[in-house]
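Undergrad: First the structure, then my questions, so here it is.
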Amino acid sequence: MWEEGARIEVRNLGGEIVIEANAAGLKTLAGHRLALAQDGTPDGAHLHLQENNGLEGGPVGLVLERCDDE
């Protein structure tokens with residue numbers, strides 16, 4: 001599900017979170033989001049992106065989570 005050469009970095013600027021990515025990284029994020037949006041994906045399904053599994057440097061991780069509650 002990871003595009004070759006994907007680069008994704010998350011930074012916390014205090015009042016804003018910045019997700020910076022190259023084209024391959026943006027395609028990777030889109031794929032992860034589409035997978036979570038598929039029919040049959042349970043509420044609460046999530047994916048952790050951290051420095052040791054996909055993100056470039058920095059202490060800020062990213063969690064993509066499906067939440068069907070309103």
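Ligands are numbered from 1 in the order shown, residues from 1 within each chain, and chains are lettered A, B, ... in the order they appear in the structure tokens.
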Please report, as a ChimeraX atom specification, each residue of chain A to which DSSP assigns strand (DSSP E or B) when run on this structure's backbone.

TA: /A:8-12,17-21,46-49,55,62-65

Undergrad: Would you write out those residues with all heavy atoms, as a compact mmCIF listing (two decimals), in the first residue's frame?

TA:
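result-v2.txt was written with the following content:
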# COMPACT_ATOMS: atom_id res chain seq x y z
N ILE A 8 6.61 11.21 3.81
CA ILE A 8 5.55 11.88 4.57
C ILE A 8 6.16 12.39 5.86
O ILE A 8 6.85 11.65 6.56
CB ILE A 8 4.39 10.92 4.89
CG1 ILE A 8 3.83 10.29 3.63
CG2 ILE A 8 3.29 11.65 5.66
CD1 ILE A 8 2.91 9.11 3.87
N GLU A 9 5.88 13.64 6.19
CA GLU A 9 6.36 14.22 7.44
C GLU A 9 5.20 14.98 8.10
O GLU A 9 4.44 15.67 7.42
CB GLU A 9 7.52 15.19 7.19
CG GLU A 9 8.10 15.76 8.46
CD GLU A 9 9.30 16.67 8.18
OE1 GLU A 9 9.88 16.59 7.10
OE2 GLU A 9 9.63 17.46 9.08
N VAL A 10 5.05 14.81 9.40
CA VAL A 10 4.02 15.50 10.17
C VAL A 10 4.71 16.43 11.16
O VAL A 10 5.63 16.01 11.86
CB VAL A 10 3.12 14.50 10.92
CG1 VAL A 10 2.07 15.23 11.75
CG2 VAL A 10 2.44 13.55 9.94
N ARG A 11 4.28 17.69 11.18
CA ARG A 11 4.84 18.66 12.12
C ARG A 11 3.71 19.33 12.89
O ARG A 11 2.67 19.66 12.32
CB ARG A 11 5.64 19.72 11.38
CG ARG A 11 6.87 19.18 10.71
CD ARG A 11 7.77 20.28 10.16
NE ARG A 11 7.09 21.30 9.37
CZ ARG A 11 6.93 21.26 8.05
NH1 ARG A 11 7.39 20.25 7.35
NH2 ARG A 11 6.33 22.24 7.43
N ASN A 12 3.94 19.54 14.18
CA ASN A 12 3.00 20.25 15.04
C ASN A 12 3.53 21.67 15.22
O ASN A 12 4.58 21.87 15.82
CB ASN A 12 2.89 19.55 16.39
CG ASN A 12 1.89 20.20 17.31
OD1 ASN A 12 1.45 21.32 17.09
ND2 ASN A 12 1.53 19.50 18.37
N ILE A 17 -1.42 21.53 12.50
CA ILE A 17 -0.67 20.33 12.16
C ILE A 17 -0.41 20.40 10.66
O ILE A 17 -1.33 20.62 9.87
CB ILE A 17 -1.46 19.04 12.49
CG1 ILE A 17 -1.80 18.97 13.97
CG2 ILE A 17 -0.71 17.80 12.02
CD1 ILE A 17 -0.62 18.87 14.89
N VAL A 18 0.84 20.21 10.27
CA VAL A 18 1.21 20.23 8.85
C VAL A 18 1.58 18.81 8.44
O VAL A 18 2.40 18.16 9.10
CB VAL A 18 2.41 21.17 8.60
CG1 VAL A 18 2.87 21.09 7.15
CG2 VAL A 18 2.05 22.60 8.97
N ILE A 19 0.96 18.33 7.37
CA ILE A 19 1.34 17.05 6.77
C ILE A 19 1.99 17.41 5.44
O ILE A 19 1.33 17.92 4.54
CB ILE A 19 0.12 16.14 6.55
CG1 ILE A 19 -0.55 15.83 7.89
CG2 ILE A 19 0.54 14.86 5.84
CD1 ILE A 19 -1.87 15.10 7.76
N GLU A 20 3.29 17.15 5.36
CA GLU A 20 4.05 17.45 4.15
C GLU A 20 4.44 16.13 3.49
O GLU A 20 4.93 15.23 4.16
CB GLU A 20 5.31 18.23 4.53
CG GLU A 20 6.18 18.60 3.36
CD GLU A 20 7.42 19.34 3.83
OE1 GLU A 20 7.31 20.52 4.19
OE2 GLU A 20 8.49 18.70 3.85
N ALA A 21 4.18 16.04 2.19
CA ALA A 21 4.48 14.78 1.50
C ALA A 21 4.79 15.06 0.04
O ALA A 21 4.30 16.02 -0.55
CB ALA A 21 3.28 13.84 1.59
N HIS A 46 -8.01 1.65 12.45
CA HIS A 46 -7.08 2.76 12.38
C HIS A 46 -5.70 2.31 11.92
O HIS A 46 -5.40 1.12 11.89
CB HIS A 46 -6.97 3.46 13.74
CG HIS A 46 -6.47 2.56 14.83
ND1 HIS A 46 -7.29 1.69 15.49
CD2 HIS A 46 -5.24 2.41 15.35
CE1 HIS A 46 -6.58 1.03 16.39
NE2 HIS A 46 -5.32 1.45 16.33
N LEU A 47 -4.91 3.29 11.57
CA LEU A 47 -3.55 3.05 11.10
C LEU A 47 -2.64 4.07 11.77
O LEU A 47 -2.93 5.27 11.75
CB LEU A 47 -3.49 3.21 9.58
CG LEU A 47 -2.12 3.15 8.93
CD1 LEU A 47 -1.54 1.75 9.07
CD2 LEU A 47 -2.22 3.55 7.48
N HIS A 48 -1.57 3.61 12.37
CA HIS A 48 -0.58 4.49 13.00
C HIS A 48 0.58 4.69 12.05
O HIS A 48 1.16 3.72 11.56
CB HIS A 48 -0.03 3.86 14.29
CG HIS A 48 -1.00 3.81 15.40
ND1 HIS A 48 -1.06 4.76 16.38
CD2 HIS A 48 -1.97 2.91 15.69
CE1 HIS A 48 -2.02 4.46 17.23
NE2 HIS A 48 -2.59 3.33 16.83
N LEU A 49 0.92 5.94 11.81
CA LEU A 49 2.11 6.27 11.05
C LEU A 49 3.05 6.98 12.01
O LEU A 49 2.70 7.99 12.59
CB LEU A 49 1.79 7.17 9.87
CG LEU A 49 0.80 6.61 8.85
CD1 LEU A 49 0.50 7.64 7.78
CD2 LEU A 49 1.34 5.35 8.22
N LEU A 55 6.86 7.44 8.50
CA LEU A 55 7.04 8.88 8.54
C LEU A 55 8.51 9.25 8.57
O LEU A 55 9.33 8.53 9.12
CB LEU A 55 6.35 9.49 9.77
CG LEU A 55 4.83 9.49 9.79
CD1 LEU A 55 4.33 10.23 11.02
CD2 LEU A 55 4.23 10.07 8.54
N LEU A 62 1.08 10.23 13.30
CA LEU A 62 -0.22 10.46 12.67
C LEU A 62 -1.06 9.20 12.80
O LEU A 62 -0.57 8.11 12.51
CB LEU A 62 -0.03 10.81 11.20
CG LEU A 62 -1.28 11.05 10.35
CD1 LEU A 62 -2.04 12.28 10.84
CD2 LEU A 62 -0.91 11.21 8.89
N VAL A 63 -2.29 9.35 13.25
CA VAL A 63 -3.22 8.23 13.32
C VAL A 63 -4.40 8.55 12.41
O VAL A 63 -5.02 9.61 12.53
CB VAL A 63 -3.73 7.99 14.76
CG1 VAL A 63 -4.75 6.85 14.79
CG2 VAL A 63 -2.57 7.70 15.69
N LEU A 64 -4.68 7.66 11.48
CA LEU A 64 -5.88 7.75 10.64
C LEU A 64 -6.88 6.75 11.22
O LEU A 64 -6.57 5.57 11.34
CB LEU A 64 -5.55 7.39 9.20
CG LEU A 64 -4.47 8.22 8.51
CD1 LEU A 64 -4.16 7.64 7.13
CD2 LEU A 64 -4.88 9.67 8.42
N GLU A 65 -8.06 7.23 11.61
CA GLU A 65 -9.03 6.35 12.26
C GLU A 65 -10.42 6.56 11.69
O GLU A 65 -10.83 7.70 11.44
CB GLU A 65 -9.06 6.63 13.76
CG GLU A 65 -10.01 5.72 14.50
CD GLU A 65 -9.93 5.89 16.01
OE1 GLU A 65 -9.11 6.66 16.49
OE2 GLU A 65 -10.72 5.24 16.71

Undergrad: List the spatial neighbours of Glu3 (chain A) as a short mmCIF file (atom, residue, chain, number, x, y, z; two decimals) with N, CA and C atoms, in the first residue's frame - criterion: any atom at most 6 Å away, only C-alpha atoms, same-chain residues fewer than 3 positions off excluded.

TA:
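Output contents, as saved in selection_22.cif:
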data_model
loop_
_atom_site.label_atom_id
_atom_site.label_comp_id
_atom_site.auth_asym_id
_atom_site.auth_seq_id
_atom_site.Cartn_x
_atom_site.Cartn_y
_atom_site.Cartn_z
N ALA A 6 7.78 7.04 -1.30
CA ALA A 6 6.89 7.89 -0.51
C ALA A 6 7.65 8.57 0.62
N ALA A 24 4.31 10.71 -4.17
CA ALA A 24 4.14 9.31 -3.77
C ALA A 24 3.56 9.22 -2.36
N THR A 28 0.04 7.56 -1.18
CA THR A 28 0.00 6.59 -0.10
C THR A 28 -1.06 6.96 0.93
#

Undergrad: Go through A:Cys67, A:Ala35, A:Gly54, A:Pro59 and flag the residue nearest Arg7 (chain A), using only C-alpha atoms for the distances.

TA: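 Answer, going by the shortest atom-to-atom distance: A:Gly54.
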
Undergrad: Between A:Leu13, A:Gly5, A:Gly25, A:Arg66, single out the one closest to Gly40 (chain A), counting only C-alpha atoms.

TA: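 Closest residue, counting only C-alpha atoms: A:Arg66.
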
Undergrad: Can you list, as a ChimeraX atom specification, all residues belonging to chain A that DSSP tags as alpha helix (DSSP H)?

TA: /A:23-37
